[in-house]
$ cat target.cif   # mmCIF, C-alpha atoms, pLDDT in the B column; chains and numbers go by the auth columns
data_upload
loop_
_atom_site.group_PDB
_atom_site.id
_atom_site.type_symbol
_atom_site.label_atom_id
_atom_site.label_comp_id
_atom_site.label_asym_id
_atom_site.label_seq_id
_atom_site.Cartn_x
_atom_site.Cartn_y
_atom_site.Cartn_z
_atom_site.B_iso_or_equiv
_atom_site.auth_seq_id
_atom_site.auth_asym_id
ATOM 1 C CA MET A 1 11.336 14.819 -2.369 63.00 12 J
ATOM 2 C CA THR A 2 11.670 12.034 0.167 78.00 13 J
ATOM 3 C CA LYS A 3 12.950 8.592 -0.818 86.00 14 J
ATOM 4 C CA VAL A 4 10.631 5.617 -0.560 89.00 15 J
ATOM 5 C CA PRO A 5 11.589 3.543 2.499 86.00 16 J
ATOM 6 C CA GLY A 6 11.937 -0.226 2.521 88.00 17 J
ATOM 7 C CA LEU A 7 9.317 -1.469 4.993 93.00 18 J
ATOM 8 C CA PRO A 8 7.780 -4.814 6.005 95.00 19 J
ATOM 9 C CA PHE A 9 4.409 -5.593 4.454 95.00 20 J
ATOM 10 C CA ASP A 10 2.452 -5.305 7.728 94.00 21 J
ATOM 11 C CA ALA A 11 3.600 -1.690 8.234 95.00 22 J
ATOM 12 C CA VAL A 12 2.617 -0.849 4.640 96.00 23 J
ATOM 13 C CA ILE A 13 -0.831 -2.415 5.037 96.00 24 J
ATOM 14 C CA SER A 14 -1.420 -0.625 8.356 96.00 25 J
ATOM 15 C CA ALA A 15 -0.591 2.727 6.756 96.00 26 J
ATOM 16 C CA LEU A 16 -2.840 2.030 3.760 97.00 27 J
ATOM 17 C CA ARG A 17 -5.706 1.023 6.074 96.00 28 J
ATOM 18 C CA ARG A 18 -5.390 4.442 7.742 95.00 29 J
ATOM 19 C CA ALA A 19 -5.833 5.941 4.255 94.00 30 J
ATOM 20 C CA GLY A 20 -9.140 4.095 3.787 95.00 31 J
ATOM 21 C CA TRP A 21 -8.002 0.890 2.073 97.00 32 J
ATOM 22 C CA VAL A 22 -9.673 -2.369 3.136 97.00 33 J
ATOM 23 C CA VAL A 23 -8.088 -5.837 3.101 96.00 34 J
ATOM 24 C CA VAL A 24 -10.316 -7.989 0.900 97.00 35 J
ATOM 25 C CA ARG A 25 -8.461 -11.298 0.744 96.00 36 J
ATOM 26 C CA GLN A 26 -5.107 -13.038 0.828 94.00 37 J
ATOM 27 C CA LYS A 27 -3.947 -15.784 -1.476 92.00 38 J
ATOM 28 C CA GLY A 28 -0.529 -17.196 -0.751 92.00 39 J
ATOM 29 C CA SER A 29 1.965 -14.406 -0.276 93.00 40 J
ATOM 30 C CA HIS A 30 -0.162 -11.653 -1.833 96.00 41 J
ATOM 31 C CA ILE A 31 -2.694 -9.489 -0.015 97.00 42 J
ATOM 32 C CA ARG A 32 -5.477 -7.747 -1.945 97.00 43 J
ATOM 33 C CA LEU A 33 -6.801 -4.324 -0.850 97.00 44 J
ATOM 34 C CA GLN A 34 -9.675 -2.220 -2.197 97.00 45 J
ATOM 35 C CA LYS A 35 -10.835 1.350 -1.840 96.00 46 J
ATOM 36 C CA HIS A 36 -14.118 2.843 -3.045 93.00 47 J
ATOM 37 C CA GLU A 37 -14.173 6.495 -4.113 90.00 48 J
ATOM 38 C CA GLY A 38 -17.466 7.590 -5.567 91.00 49 J
ATOM 39 C CA GLU A 39 -18.393 5.071 -8.231 93.00 50 J
ATOM 40 C CA GLU A 40 -14.800 3.900 -8.753 93.00 51 J
ATOM 41 C CA THR A 41 -13.143 0.935 -7.057 94.00 52 J
ATOM 42 C CA PHE A 42 -9.363 0.905 -6.769 95.00 53 J
ATOM 43 C CA LYS A 43 -7.464 -2.330 -6.163 96.00 54 J
ATOM 44 C CA LEU A 44 -3.952 -3.009 -4.876 96.00 55 J
ATOM 45 C CA THR A 45 -1.941 -6.176 -4.473 96.00 56 J
ATOM 46 C CA ILE A 46 0.698 -6.129 -1.732 96.00 57 J
ATOM 47 C CA PRO A 47 3.352 -8.865 -1.546 96.00 58 J
ATOM 48 C CA ALA A 48 3.845 -10.322 1.938 95.00 59 J
ATOM 49 C CA HIS A 49 7.594 -9.669 1.961 92.00 60 J
ATOM 50 C CA ARG A 50 9.920 -8.420 4.681 92.00 61 J
ATOM 51 C CA PRO A 51 10.934 -5.879 3.543 94.00 62 J
ATOM 52 C CA ILE A 52 9.020 -4.837 0.433 95.00 63 J
ATOM 53 C CA LYS A 53 11.551 -3.519 -2.083 94.00 64 J
ATOM 54 C CA ARG A 54 11.666 0.249 -2.457 94.00 65 J
ATOM 55 C CA SER A 55 10.862 0.037 -6.178 93.00 66 J
ATOM 56 C CA THR A 56 7.839 -2.195 -5.523 95.00 67 J
ATOM 57 C CA LEU A 57 6.582 0.132 -2.796 96.00 68 J
ATOM 58 C CA SER A 58 7.017 3.084 -5.140 95.00 69 J
ATOM 59 C CA HIS A 59 4.726 1.401 -7.703 96.00 70 J
ATOM 60 C CA ILE A 60 2.196 0.553 -4.992 96.00 71 J
ATOM 61 C CA LEU A 61 2.088 4.198 -3.868 96.00 72 J
ATOM 62 C CA LYS A 62 1.529 5.363 -7.449 96.00 73 J
ATOM 63 C CA GLN A 63 -1.386 2.945 -7.812 95.00 74 J
ATOM 64 C CA ALA A 64 -2.771 4.110 -4.448 95.00 75 J
ATOM 65 C CA ARG A 65 -2.421 7.744 -5.589 94.00 76 J
ATOM 66 C CA LEU A 66 -0.332 8.656 -2.533 95.00 77 J
ATOM 67 C CA SER A 67 2.838 10.707 -2.439 94.00 78 J
ATOM 68 C CA VAL A 68 5.788 9.470 -0.423 94.00 79 J
ATOM 69 C CA ASP A 69 5.309 12.269 2.115 93.00 80 J
ATOM 70 C CA GLU A 70 1.600 11.441 2.525 94.00 81 J
ATOM 71 C CA PHE A 71 2.485 7.777 3.010 95.00 82 J
ATOM 72 C CA ILE A 72 5.165 8.532 5.613 94.00 83 J
ATOM 73 C CA ALA A 73 2.657 10.684 7.505 93.00 84 J
ATOM 74 C CA LEU A 74 0.350 7.630 7.699 94.00 85 J
ATOM 75 C CA LEU A 75 3.068 5.441 9.243 90.00 86 J
#
$ encode --input "target.cif" --output "structure tokens"
Amino acid sequence: MTKVPGLPFDAVISALRRAGWVVVRQKGSHIRLQKHEGEETFKLTIPAHRPIKRSTLSHILKQARLSVDEFIALL
């Protein structure tokens, strides 16, 4: 299993956009993304930090239902 990298927020958002996530809004230092799958709507909040901590990114990937390897392939 690959370790979660520490990346800047813009690289994380770009990778998530390639996975079908859409930036909905930004309030302060938090960016909100959404993804529609069937009748479900998934929501993520990404902090605008450079870099995003590895533990925070790990939780974001779990919420996005992406493995670390899938995420790295999107980078």
$ resolve_selection --input "target.cif" --expression "the PyMOL selection byres ((chain J and resi 80) around 12)" --output "PyMOL selection string"
chain J and resi 12-16+69+72+76-79+81-86
$ atom_distance --input "target.cif" --atom1 "CA of Val35 in chain J" --atom2 "CA of Thr56 in chain J"
10.1 Å
$ closest_residue --input "target.cif" --among "J:Leu18, J:Ala75, J:Ile24, J:Ala30" --to "Thr52 in chain J" --atoms "all atoms listed in the file"
J:Ala75
$ residues_near_point --input "target.cif" --point "(6.3, -1.4, -3.0)" --cutoff "10 Å" --atoms "only C-alpha atoms" --output "PyMOL selection string"
chain J and resi 15-20+23+56-58+60+62-73
$ resolve_selection --input "target.cif" --expression "the PyMOL selection byres ((chain J and resi 45-48) around 8)" --output "list of chain:residue names"
J:Gly31, J:Trp32, J:Val33, J:Val34, J:Val35, J:Arg43, J:Leu44, J:Gly49, J:Glu50, J:Glu51, J:Thr52, J:Phe53, J:Lys54, J:Leu55
$ axis_aligned_box --input "target.cif" --around "range 74-78 of chain J" --padding-each-side "5 Å" --output "JSON"
{"center_x": 0.0, "center_y": 6.8, "center_z": -5.1, "size_x": 15.6, "size_y": 17.8, "size_z": 15.4}
$ resolve_selection --input "target.cif" --expression "the PyMOL selection byres ((chain J and resi 41) around 6)" --output "ChimeraX atom specification"
/J:37-40,42,57-59
$ write_last_selection --input "target.cif" --atoms "C-alpha atoms" --output "PDB file, keeping the file's coordinate frame"
ATOM      1  CA  GLN J  37      -5.107 -13.038   0.828  1.00 94.00           C
ATOM      2  CA  LYS J  38      -3.947 -15.784  -1.476  1.00 92.00           C
ATOM      3  CA  GLY J  39      -0.529 -17.196  -0.751  1.00 92.00           C
ATOM      4  CA  SER J  40       1.965 -14.406  -0.276  1.00 93.00           C
ATOM      5  CA  ILE J  42      -2.694  -9.489  -0.015  1.00 97.00           C
ATOM      6  CA  ILE J  57       0.698  -6.129  -1.732  1.00 96.00           C
ATOM      7  CA  PRO J  58       3.352  -8.865  -1.546  1.00 96.00           C
ATOM      8  CA  ALA J  59       3.845 -10.322   1.938  1.00 95.00           C
TER       9      ALA J  59
END
$ build_atoms --input "target.cif" --residues "range 25-49 of chain J" --atoms "N, CA and C atoms" --output "PDB file, in the frame of the given file"
ATOM      1  N   SER J  25      -0.864  -1.453   7.279  1.00 96.00           N
ATOM      2  CA  SER J  25      -1.420  -0.625   8.356  1.00 96.00           C
ATOM      3  C   SER J  25      -1.550   0.828   7.914  1.00 96.00           C
ATOM      4  N   ALA J  26      -0.541   1.346   7.233  1.00 96.00           N
ATOM      5  CA  ALA J  26      -0.591   2.727   6.756  1.00 96.00           C
ATOM      6  C   ALA J  26      -1.684   2.896   5.699  1.00 96.00           C
ATOM      7  N   LEU J  27      -1.804   1.940   4.792  1.00 97.00           N
ATOM      8  CA  LEU J  27      -2.840   2.030   3.760  1.00 97.00           C
ATOM      9  C   LEU J  27      -4.240   1.914   4.356  1.00 97.00           C
ATOM     10  N   ARG J  28      -4.398   1.121   5.405  1.00 96.00           N
ATOM     11  CA  ARG J  28      -5.706   1.023   6.074  1.00 96.00           C
ATOM     12  C   ARG J  28      -6.098   2.361   6.695  1.00 96.00           C
ATOM     13  N   ARG J  29      -5.107   3.108   7.207  1.00 95.00           N
ATOM     14  CA  ARG J  29      -5.390   4.442   7.742  1.00 95.00           C
ATOM     15  C   ARG J  29      -5.841   5.395   6.643  1.00 95.00           C
ATOM     16  N   ALA J  30      -5.449   5.107   5.401  1.00 94.00           N
ATOM     17  CA  ALA J  30      -5.833   5.941   4.255  1.00 94.00           C
ATOM     18  C   ALA J  30      -7.166   5.505   3.653  1.00 94.00           C
ATOM     19  N   GLY J  31      -7.819   4.506   4.256  1.00 95.00           N
ATOM     20  CA  GLY J  31      -9.140   4.095   3.787  1.00 95.00           C
ATOM     21  C   GLY J  31      -9.168   2.812   2.982  1.00 95.00           C
ATOM     22  N   TRP J  32      -8.045   2.156   2.799  1.00 97.00           N
ATOM     23  CA  TRP J  32      -8.002   0.890   2.073  1.00 97.00           C
ATOM     24  C   TRP J  32      -8.478  -0.243   2.979  1.00 97.00           C
ATOM     25  N   VAL J  33      -9.127  -1.243   2.391  1.00 97.00           N
ATOM     26  CA  VAL J  33      -9.673  -2.369   3.136  1.00 97.00           C
ATOM     27  C   VAL J  33      -9.059  -3.660   2.594  1.00 97.00           C
ATOM     28  N   VAL J  34      -8.613  -4.530   3.505  1.00 96.00           N
ATOM     29  CA  VAL J  34      -8.088  -5.837   3.101  1.00 96.00           C
ATOM     30  C   VAL J  34      -9.262  -6.710   2.685  1.00 96.00           C
ATOM     31  N   VAL J  35      -9.221  -7.186   1.440  1.00 97.00           N
ATOM     32  CA  VAL J  35     -10.316  -7.989   0.900  1.00 97.00           C
ATOM     33  C   VAL J  35     -10.027  -9.479   1.043  1.00 97.00           C
ATOM     34  N   ARG J  36      -8.798  -9.875   0.669  1.00 96.00           N
ATOM     35  CA  ARG J  36      -8.461 -11.298   0.744  1.00 96.00           C
ATOM     36  C   ARG J  36      -6.956 -11.467   0.681  1.00 96.00           C
ATOM     37  N   GLN J  37      -6.512 -12.686   0.965  1.00 94.00           N
ATOM     38  CA  GLN J  37      -5.107 -13.038   0.828  1.00 94.00           C
ATOM     39  C   GLN J  37      -5.019 -14.404   0.176  1.00 94.00           C
ATOM     40  N   LYS J  38      -4.173 -14.503  -0.823  1.00 92.00           N
ATOM     41  CA  LYS J  38      -3.947 -15.784  -1.476  1.00 92.00           C
ATOM     42  C   LYS J  38      -2.447 -15.995  -1.549  1.00 92.00           C
ATOM     43  N   GLY J  39      -1.963 -16.952  -0.795  1.00 92.00           N
ATOM     44  CA  GLY J  39      -0.529 -17.196  -0.751  1.00 92.00           C
ATOM     45  C   GLY J  39       0.201 -16.030  -0.117  1.00 92.00           C
ATOM     46  N   SER J  40       1.176 -15.500  -0.826  1.00 93.00           N
ATOM     47  CA  SER J  40       1.965 -14.406  -0.276  1.00 93.00           C
ATOM     48  C   SER J  40       1.556 -13.047  -0.838  1.00 93.00           C
ATOM     49  N   HIS J  41       0.327 -12.924  -1.315  1.00 96.00           N
ATOM     50  CA  HIS J  41      -0.162 -11.653  -1.833  1.00 96.00           C
ATOM     51  C   HIS J  41      -1.470 -11.270  -1.138  1.00 96.00           C
ATOM     52  N   ILE J  42      -1.540 -10.002  -0.741  1.00 97.00           N
ATOM     53  CA  ILE J  42      -2.694  -9.489  -0.015  1.00 97.00           C
ATOM     54  C   ILE J  42      -3.386  -8.470  -0.910  1.00 97.00           C
ATOM     55  N   ARG J  43      -4.699  -8.601  -1.054  1.00 97.00           N
ATOM     56  CA  ARG J  43      -5.477  -7.747  -1.945  1.00 97.00           C
ATOM     57  C   ARG J  43      -6.221  -6.700  -1.118  1.00 97.00           C
ATOM     58  N   LEU J  44      -6.109  -5.419  -1.511  1.00 97.00           N
ATOM     59  CA  LEU J  44      -6.801  -4.324  -0.850  1.00 97.00           C
ATOM     60  C   LEU J  44      -7.684  -3.605  -1.854  1.00 97.00           C
ATOM     61  N   GLN J  45      -8.763  -3.000  -1.359  1.00 97.00           N
ATOM     62  CA  GLN J  45      -9.675  -2.220  -2.197  1.00 97.00           C
ATOM     63  C   GLN J  45     -10.023  -0.919  -1.515  1.00 97.00           C
ATOM     64  N   LYS J  46     -10.365   0.073  -2.355  1.00 96.00           N
ATOM     65  CA  LYS J  46     -10.835   1.350  -1.840  1.00 96.00           C
ATOM     66  C   LYS J  46     -11.895   1.867  -2.797  1.00 96.00           C
ATOM     67  N   HIS J  47     -13.031   2.293  -2.242  1.00 93.00           N
ATOM     68  CA  HIS J  47     -14.118   2.843  -3.045  1.00 93.00           C
ATOM     69  C   HIS J  47     -14.109   4.355  -2.922  1.00 93.00           C
ATOM     70  N   GLU J  48     -14.062   5.034  -4.075  1.00 90.00           N
ATOM     71  CA  GLU J  48     -14.173   6.495  -4.113  1.00 90.00           C
ATOM     72  C   GLU J  48     -15.228   6.832  -5.144  1.00 90.00           C
ATOM     73  N   GLY J  49     -16.358   7.310  -4.655  1.00 91.00           N
ATOM     74  CA  GLY J  49     -17.466   7.590  -5.567  1.00 91.00           C
ATOM     75  C   GLY J  49     -17.950   6.301  -6.190  1.00 91.00           C
TER      76      GLY J  49
END
